[in-house]
Amino acid sequence: MSDWVIKVSNLNKYFGSHHVLKDINFQVKFGEVVSIIGASGSGKSTLLRCLNGLEPIQSGEIIVDGVKINGEKVDLSRIRQSIGMIFQNFNLFPHMTVLDNVILAPHRVKKISHREAEEIALELLGKVGLAEKAHSYPYQLSGGQKQRVAIARALAMNPKVMMFDEPTSALDPETVNDVLDVMKELAEEGMTMIVVTHEMGFAREVSQRVIHIDEGRIVEEGTPEEIFYHPQNPRTRAFLSKVINI
Amino acid sequence: MQFDFLALYKALPALLVGALVTLRVTALSIAVGLVIGLGVGLARVWPNSFLRNVSSAYIELIRGTPLLVQIFLVYFGLPALGLNLDPFVAGVLAMGINSGAYVGEIVRGGIESIAQGQMEAALSLGMSWWQSMYYVILPQALFRILPPLGNEFIALLKDSSLVSTIAIAELTRTGQIIITRTFKSFEIWMGVALFYFVMTYAISRVVRYSEKRMRYSE
């Protein structure tokens, strides 16, 4: 068993003739928190969606938890159970209560009994500070609350890695911190996390490694210290000067 | 000009019996149409392209030919293949097959109206395509298609007058028979129209009521 939970080699992705991801290589260790930063349209969200098979790739290899996820006869559903995915727009199921949102997959996919799934769900909702909202519907929640429910829902599958696709970009400013706090707590507990984010503060404080993607290419990779205080690549410097005002 | 509404009054019991036959034909056709339509609608959004093409062809064929011709084909045409159907069965079958195409398009539209993110979230939790469809997409889609589905039921109820041509004694046929005996065309056709209206109005109220009961905000 290697200590890599995700290994990406020579990944290339096209939308039609548009080359979105170019020769991407990187690895994520168990327990590591990796932030992916870059301008809008640089391909960072697409990269995340490739990692759980939502987007097909044209060449290269993605290995998640020892299993190659691209190629023939891959049981994507099985692999996805070990990858929690958090979306910018939450994507809670609007016709179900918060509790049922969290129970659904463990009960139907993992075949955990409804009672046990409910116990797990209530515990996780408590963890994200929303136990009292268990019987509310998603439309009754604020954006930040919805995102925390989405995190609880993903955690209920007991994933090996959590991926966040700009989790705070659609939120009102005052609810951003509630979500970031939950993510920090997860990171401190040792969860492996890949976070596509515009929150430079989070990337700097919480992650062990930062990857900068520019026009579909990884242009720089390093510790937050290296990336934010001693960026080597001119593109990284240009990007940071635009997003950070210290 | 003089109207003989007493003739209509006397015809009411017979018309009521005809209306009940209309309701039965329509209800059974709706059932057949819903089963076919759900299958066809799902096939249209299924990743498998063979089934997608088959269901597209079915929808095009049905929508491109008159219901009356479809009824004649089933009732007068199938015996040539050795299949003799009772008029009632032939009528329900033809109308159900017809309705299935329209319901299929409604179901497809409903499914496609649900944001792509819902399917992606469900798949990302490790659910299969079927589980995602069944637990996440369809419940939301069915709620959204209630109004167009109600319209389809109403259209079907009115179109069921076409099966009067294959000797099913439903409402229209009953009216015709009474007129051949009483010659009170205006009064009886007014009565027939009224019966149809009461039934379609009832359907639209039921649909609206269930829409309200199922409402949730998004």
# chains A, B, ... in the order shown; residues from 1 in each chain; ligands from 1
$ interface_residues --of "chain B" --to "chain A" --cutoff "8 Å" --atoms "only C-alpha atoms" --output "list in words"
Gly117, Gln118, Glu120, Ala121, Leu123, Ser124, Leu125, Gly126, Met127, Ser128, Val136, Pro139, Gln140, Tyr216, Ser217 and Glu218 of chain B
$ residues_around --residues "A:Glu132" --least-positions-apart "6" --cutoff "10 Å" --atoms "only C-alpha atoms" --output "count of residues only"
3
$ closest_residue --among "B:Ile111, B:Leu156, B:Leu85, B:Lys184" --to "B:Phe72" --atoms "only C-alpha atoms"
B:Leu85
$ residues_around --residues "A:Ser142" --least-positions-apart "5" --cutoff "10 Å" --atoms "only C-alpha atoms" --output "ChimeraX atom specification"
/A:147-148,171-172,175
$ closest_residue --among "B:Val192, B:Ile177, B:Ile97, B:Leu146" --to "B:Ser29" --atoms "only C-alpha atoms"
B:Ile97
$ residues_around --residues "B:Ile71" --least-positions-apart "4" --cutoff "8 Å" --atoms "only C-alpha atoms" --output "JSON, numbers by chain"
{"B": [67, 75, 90, 91, 94, 95, 163]}
$ closest_residue --among "B:Glu105, B:Leu34, B:Trp129, B:Leu83" --to "B:Trp46" --atoms "only C-alpha atoms"
B:Trp129
$ residues_around --residues "B:Glu170" --least-positions-apart "3" --cutoff "6 Å" --atoms "only C-alpha atoms" --output "list in words"
Gly18, Val21, Thr22, Arg173 and Thr174 of chain B
$ select_by_dssp --residues "stretch 41-202 of chain A" --states "strand (DSSP E or B)" --output "list in words"
Ser59, Gly60, Glu61, Ile62, Ile63, Val64, Val67, Lys68, Ile83, Gly84, Met85, Ile86, Val161, Met162, Met163, Phe164, Asp165, Thr192, Met193, Ile194, Val195 and Val196 of chain A
$ write_last_selection --atoms "N, CA, C and O atoms" --output "JSON list (two decimals), in the first residue's frame"
[["chain", "number", "residue", "atom", "x", "y", "z"],
["A", 59, "SER", "N", -6.22, 11.56, -22.19],
["A", 59, "SER", "CA", -5.03, 10.73, -22.02],
["A", 59, "SER", "C", -4.48, 10.91, -20.62],
["A", 59, "SER", "O", -4.80, 11.87, -19.92],
["A", 60, "GLY", "N", -3.64, 9.97, -20.22],
["A", 60, "GLY", "CA", -3.05, 10.01, -18.89],
["A", 60, "GLY", "C", -3.70, 9.00, -17.98],
["A", 60, "GLY", "O", -4.43, 8.11, -18.43],
["A", 61, "GLU", "N", -3.39, 9.13, -16.70],
["A", 61, "GLU", "CA", -3.83, 8.12, -15.75],
["A", 61, "GLU", "C", -4.17, 8.79, -14.42],
["A", 61, "GLU", "O", -3.46, 9.68, -13.98],
["A", 62, "ILE", "N", -5.29, 8.33, -13.84],
["A", 62, "ILE", "CA", -5.66, 8.83, -12.51],
["A", 62, "ILE", "C", -5.83, 7.61, -11.61],
["A", 62, "ILE", "O", -6.61, 6.71, -11.92],
["A", 63, "ILE", "N", -5.08, 7.58, -10.53],
["A", 63, "ILE", "CA", -5.22, 6.47, -9.59],
["A", 63, "ILE", "C", -5.70, 7.01, -8.26],
["A", 63, "ILE", "O", -5.11, 7.94, -7.70],
["A", 64, "VAL", "N", -6.85, 6.48, -7.83],
["A", 64, "VAL", "CA", -7.42, 6.91, -6.55],
["A", 64, "VAL", "C", -7.46, 5.70, -5.62],
["A", 64, "VAL", "O", -8.07, 4.69, -5.97],
["A", 67, "VAL", "N", -6.75, 2.41, -7.18],
["A", 67, "VAL", "CA", -7.54, 1.95, -8.32],
["A", 67, "VAL", "C", -7.47, 2.97, -9.45],
["A", 67, "VAL", "O", -7.66, 4.17, -9.23],
["A", 68, "LYS", "N", -7.18, 2.47, -10.65],
["A", 68, "LYS", "CA", -7.15, 3.36, -11.81],
["A", 68, "LYS", "C", -8.59, 3.68, -12.21],
["A", 68, "LYS", "O", -9.39, 2.77, -12.43],
["A", 83, "ILE", "N", -14.61, 9.03, -2.35],
["A", 83, "ILE", "CA", -14.27, 10.43, -2.63],
["A", 83, "ILE", "C", -15.48, 11.30, -2.31],
["A", 83, "ILE", "O", -16.51, 11.20, -2.95],
["A", 84, "GLY", "N", -15.36, 12.14, -1.30],
["A", 84, "GLY", "CA", -16.45, 13.08, -1.02],
["A", 84, "GLY", "C", -16.29, 14.28, -1.93],
["A", 84, "GLY", "O", -15.19, 14.79, -2.11],
["A", 85, "MET", "N", -17.39, 14.75, -2.52],
["A", 85, "MET", "CA", -17.29, 15.89, -3.44],
["A", 85, "MET", "C", -18.21, 17.00, -2.97],
["A", 85, "MET", "O", -19.40, 16.78, -2.74],
["A", 86, "ILE", "N", -17.65, 18.18, -2.83],
["A", 86, "ILE", "CA", -18.43, 19.35, -2.41],
["A", 86, "ILE", "C", -18.46, 20.33, -3.58],
["A", 86, "ILE", "O", -17.42, 20.68, -4.13],
["A", 161, "VAL", "N", -10.99, 10.66, 0.92],
["A", 161, "VAL", "CA", -10.52, 11.98, 0.54],
["A", 161, "VAL", "C", -11.74, 12.86, 0.28],
["A", 161, "VAL", "O", -12.77, 12.39, -0.20],
["A", 162, "MET", "N", -11.62, 14.12, 0.64],
["A", 162, "MET", "CA", -12.69, 15.08, 0.38],
["A", 162, "MET", "C", -12.21, 16.10, -0.63],
["A", 162, "MET", "O", -11.12, 16.66, -0.48],
["A", 163, "MET", "N", -13.04, 16.34, -1.66],
["A", 163, "MET", "CA", -12.67, 17.32, -2.67],
["A", 163, "MET", "C", -13.68, 18.47, -2.62],
["A", 163, "MET", "O", -14.88, 18.25, -2.58],
["A", 164, "PHE", "N", -13.17, 19.67, -2.62],
["A", 164, "PHE", "CA", -14.02, 20.86, -2.52],
["A", 164, "PHE", "C", -13.84, 21.71, -3.76],
["A", 164, "PHE", "O", -12.73, 22.13, -4.08],
["A", 165, "ASP", "N", -14.93, 21.95, -4.47],
["A", 165, "ASP", "CA", -14.86, 22.75, -5.69],
["A", 165, "ASP", "C", -15.39, 24.16, -5.40],
["A", 165, "ASP", "O", -16.59, 24.40, -5.44],
["A", 192, "THR", "N", -7.84, 13.79, 4.38],
["A", 192, "THR", "CA", -7.15, 14.16, 3.15],
["A", 192, "THR", "C", -8.07, 15.08, 2.36],
["A", 192, "THR", "O", -9.24, 14.73, 2.14],
["A", 193, "MET", "N", -7.58, 16.23, 1.96],
["A", 193, "MET", "CA", -8.46, 17.19, 1.29],
["A", 193, "MET", "C", -7.79, 17.82, 0.08],
["A", 193, "MET", "O", -6.61, 18.16, 0.11],
["A", 194, "ILE", "N", -8.58, 17.98, -0.99],
["A", 194, "ILE", "CA", -8.13, 18.76, -2.14],
["A", 194, "ILE", "C", -9.14, 19.90, -2.29],
["A", 194, "ILE", "O", -10.33, 19.65, -2.44],
["A", 195, "VAL", "N", -8.65, 21.11, -2.22],
["A", 195, "VAL", "CA", -9.55, 22.25, -2.18],
["A", 195, "VAL", "C", -9.24, 23.21, -3.32],
["A", 195, "VAL", "O", -8.15, 23.79, -3.37],
["A", 196, "VAL", "N", -10.19, 23.33, -4.24],
["A", 196, "VAL", "CA", -10.07, 24.37, -5.26],
["A", 196, "VAL", "C", -10.67, 25.63, -4.66],
["A", 196, "VAL", "O", -11.83, 25.62, -4.24]]
